[in-house]
Every structure is written in structure tokens, then in C-alpha cells.
Amino acid sequence: MNMVFETILKYLFKKPLTVRFPYESLETAPRYRGKHEFNIDKCISCGICWRVCPNQAIRMVPAEDKKKYPKLYPEVDLGKCCFCGLCQEFCPTGAIKLTTNYFMSTPNPDVLILKPGKKSKG
């Protein structure tokens with residue numbers, strides 16, 4: 001019983017090890033691979049990102065504004081993505097980048113599909 005009180009006193013006045021999650025969050029590492037960010041103006045529609053994706057999370061589809069962007073552009077399904085970073089690594093123009101944003105929890109799986117030419121929140 002004496003050891004229990006010693007342990008309680010030892011940790012009673014220390015800073016908690018946990019984070020109060022929606023109100024606080026830990027800072028991510030600079031090289032963390034999170035949600036994708038796509039710049040349609042840099043994209044040359046080469047399809048390399050689609051070819052190198054090991055999970056087939058990327059497919060080439062027409063943009064919403066077909067007059068301004070007549071080619072096929074990558075659509076990323078974050079539900080299938082393993083965040084390996086190959087799409088970013090092989091993109092010759094740097095049009096696709098992985099951010100440090102890891103807040104992607106949602107009950108709606110359609111929100112996890114990043115369509116070309118559409119701004120994603122976060």
C-alpha cells in the first residue's frame with residue numbers, strides 16, 4: 001500500500017502525458033505525409049502519379065471546369081491512400097504535395113475524395 005501512495009505522489013503534480021484532443025494537438029514532424037494538396041495549374045496531365053500509386057488511390061478524371069482545364073487530372077481517394085509520397089516524389093512539376101494535415105476523420109467517405117480543381121478545406 002505504501003508503494004501506491006508513493007506512485008500517486010510522484011505523478012500527482014507532473015504535467016499530463018496526454019493531450020486534450022480537439023482543443024490541443026501535437027505538432028507534426030516537418031516530413032510527415034498527410035492530406036494531399038493539388039495545384040491544377042502546375043499539372044501537365046502526364047499521369048505519372050496515377051501510375052506509381054501502389055494502392056490505386058489516384059485516377060485521372062476531367063476537371064470540373066472543362067473549358068479552362070480540358071485534360072485529365074488526378075483525383076485522390078484518401079480512404080485508399082497509404083500516404084507513401086510516391087505521387088509527390090515522381091511529379092515532374094510539383095503539382096501534388098503532401099501536407100502535414102492529418103485531421104481527416106469524417107463519417108462521410110465522399111469528403112475524402114479530392115477532386116481536381118476543387119479547393120479542399122484544411
# chains A, B, ... in the order shown; residues from 1 in each chain; ligands from 1
>>> closest_atom_pairs(of="stretch 83-121 of chain A", to="stretch 17-39 of chain A", cutoff="8 Å", atoms="only C-alpha atoms", output="JSON lines")
{"residue": "A:Phe83", "atom": "CA", "partner": "A:Arg33", "partner_atom": "CA", "distance": 6.0}
{"residue": "A:Cys84", "atom": "CA", "partner": "A:Arg33", "partner_atom": "CA", "distance": 7.5}
{"residue": "A:Gly85", "atom": "CA", "partner": "A:Arg33", "partner_atom": "CA", "distance": 6.9}
{"residue": "A:Ala95", "atom": "CA", "partner": "A:Asn39", "partner_atom": "CA", "distance": 4.9}
{"residue": "A:Ile96", "atom": "CA", "partner": "A:Phe38", "partner_atom": "CA", "distance": 4.6}
{"residue": "A:Lys97", "atom": "CA", "partner": "A:Glu37", "partner_atom": "CA", "distance": 5.2}
{"residue": "A:Leu98", "atom": "CA", "partner": "A:His36", "partner_atom": "CA", "distance": 4.4}
{"residue": "A:Thr99", "atom": "CA", "partner": "A:Gly34", "partner_atom": "CA", "distance": 5.1}
{"residue": "A:Thr100", "atom": "CA", "partner": "A:Gly34", "partner_atom": "CA", "distance": 4.8}
{"residue": "A:Asn101", "atom": "CA", "partner": "A:Gly34", "partner_atom": "CA", "distance": 5.1}
{"residue": "A:Tyr102", "atom": "CA", "partner": "A:Gly34", "partner_atom": "CA", "distance": 5.2}
{"residue": "A:Met104", "atom": "CA", "partner": "A:Lys35", "partner_atom": "CA", "distance": 7.6}
{"residue": "A:Pro116", "atom": "CA", "partner": "A:Phe38", "partner_atom": "CA", "distance": 7.3}
{"residue": "A:Gly117", "atom": "CA", "partner": "A:Asn39", "partner_atom": "CA", "distance": 7.8}
>>> write_last_selection(atoms="C-alpha atoms", output="compact mmCIF listing (two decimals), in the first residue's frame")
# COMPACT_ATOMS: atom_id res chain seq x y z
CA PHE A 83 0.48 8.17 -47.81
CA CYS A 84 3.71 6.74 -49.23
CA GLY A 85 4.53 10.00 -51.03
CA ALA A 95 1.74 19.87 -58.70
CA ILE A 96 0.90 17.36 -55.99
CA LYS A 97 2.24 17.72 -52.45
CA LEU A 98 1.53 16.00 -49.16
CA THR A 99 0.88 18.39 -46.29
CA THR A 100 1.26 17.81 -42.56
CA ASN A 101 -2.53 17.91 -42.08
CA TYR A 102 -3.74 14.68 -40.50
CA MET A 104 -9.29 13.74 -41.92
CA PRO A 116 -9.17 18.24 -59.37
CA GLY A 117 -9.84 21.96 -59.46
>>> residues_around(residues="A:Asp65", least_positions_apart="5", cutoff="12 Å", atoms="only C-alpha atoms", output="PyMOL selection string")
chain A and resi 40+70-73+115-118
>>> select_by_dssp(residues="stretch 5-34 of chain A", states="alpha helix (DSSP H)", output="list in words")
Phe5, Glu6, Thr7, Ile8, Leu9, Lys10, Tyr11 and Leu12 of chain A
>>> write_last_selection(atoms="C-alpha atoms", output="PDB file, in the first residue's frame")
ATOM      1  CA  PHE A   5       0.901   6.305  -2.324  1.00  0.00           C
ATOM      2  CA  GLU A   6       4.468   6.909  -3.453  1.00  0.00           C
ATOM      3  CA  THR A   7       3.424   6.433  -7.072  1.00  0.00           C
ATOM      4  CA  ILE A   8       0.408   8.704  -6.659  1.00  0.00           C
ATOM      5  CA  LEU A   9       2.516  11.467  -5.128  1.00  0.00           C
ATOM      6  CA  LYS A  10       5.168  11.041  -7.810  1.00  0.00           C
ATOM      7  CA  TYR A  11       2.741  11.692 -10.688  1.00  0.00           C
ATOM      8  CA  LEU A  12       0.156  13.913  -8.984  1.00  0.00           C
TER       9      LEU A  12
END
>>> residues_around(residues="stretch 58-60 of chain A", least_positions_apart="4", cutoff="7 Å", atoms="only C-alpha atoms", output="JSON, numbers by chain")
{"A": [47, 50, 53, 72, 73, 74, 75, 76, 77]}
>>> select_by_dssp(residues="stretch 7-97 of chain A", states="strand (DSSP E)", output="PyMOL selection string")
chain A and resi 36-38+58-62+72-77+96-97
>>> decode(residues="stretch 40-58 of chain A", atoms="N, CA and C atoms", output="short mmCIF file (atom, residue, chain, number, x, y, z; two decimals), in the first residue's frame")
data_model
loop_
_atom_site.label_atom_id
_atom_site.label_comp_id
_atom_site.auth_asym_id
_atom_site.auth_seq_id
_atom_site.Cartn_x
_atom_site.Cartn_y
_atom_site.Cartn_z
N ILE A 40 -3.70 22.51 -59.73
CA ILE A 40 -4.10 22.12 -61.08
C ILE A 40 -3.38 22.94 -62.15
N ASP A 41 -2.96 24.15 -61.82
CA ASP A 41 -2.27 24.99 -62.80
C ASP A 41 -0.85 24.50 -63.09
N LYS A 42 -0.25 23.78 -62.17
CA LYS A 42 1.09 23.22 -62.39
C LYS A 42 1.04 21.87 -63.11
N CYS A 43 -0.10 21.19 -63.04
CA CYS A 43 -0.23 19.83 -63.58
C CYS A 43 -0.17 19.82 -65.10
N ILE A 44 0.60 18.88 -65.64
CA ILE A 44 0.70 18.73 -67.11
C ILE A 44 -0.04 17.48 -67.60
N SER A 45 -0.81 16.86 -66.73
CA SER A 45 -1.62 15.68 -67.05
C SER A 45 -0.81 14.51 -67.59
N CYS A 46 0.37 14.30 -67.03
CA CYS A 46 1.22 13.20 -67.50
C CYS A 46 0.76 11.84 -66.97
N GLY A 47 0.08 11.82 -65.82
CA GLY A 47 -0.44 10.58 -65.26
C GLY A 47 0.59 9.75 -64.50
N ILE A 48 1.76 10.30 -64.25
CA ILE A 48 2.78 9.55 -63.51
C ILE A 48 2.30 9.23 -62.10
N CYS A 49 1.63 10.19 -61.45
CA CYS A 49 1.13 9.96 -60.09
C CYS A 49 0.15 8.78 -60.08
N TRP A 50 -0.66 8.69 -61.10
CA TRP A 50 -1.63 7.60 -61.22
C TRP A 50 -0.92 6.27 -61.40
N ARG A 51 0.15 6.26 -62.21
CA ARG A 51 0.87 5.02 -62.49
C ARG A 51 1.67 4.50 -61.30
N VAL A 52 2.25 5.41 -60.49
CA VAL A 52 3.11 4.97 -59.39
C VAL A 52 2.35 4.67 -58.10
N CYS A 53 1.08 4.99 -58.04
CA CYS A 53 0.30 4.80 -56.81
C CYS A 53 0.11 3.31 -56.53
N PRO A 54 0.69 2.79 -55.43
CA PRO A 54 0.60 1.36 -55.17
C PRO A 54 -0.80 0.89 -54.77
N ASN A 55 -1.63 1.77 -54.24
CA ASN A 55 -2.98 1.39 -53.79
C ASN A 55 -4.07 1.75 -54.79
N GLN A 56 -3.70 2.26 -55.92
CA GLN A 56 -4.65 2.73 -56.94
C GLN A 56 -5.63 3.73 -56.34
N ALA A 57 -5.08 4.63 -55.52
CA ALA A 57 -5.90 5.67 -54.87
C ALA A 57 -6.05 6.88 -55.78
N ILE A 58 -5.31 6.93 -56.87
CA ILE A 58 -5.37 8.06 -57.80
C ILE A 58 -5.92 7.56 -59.13
#
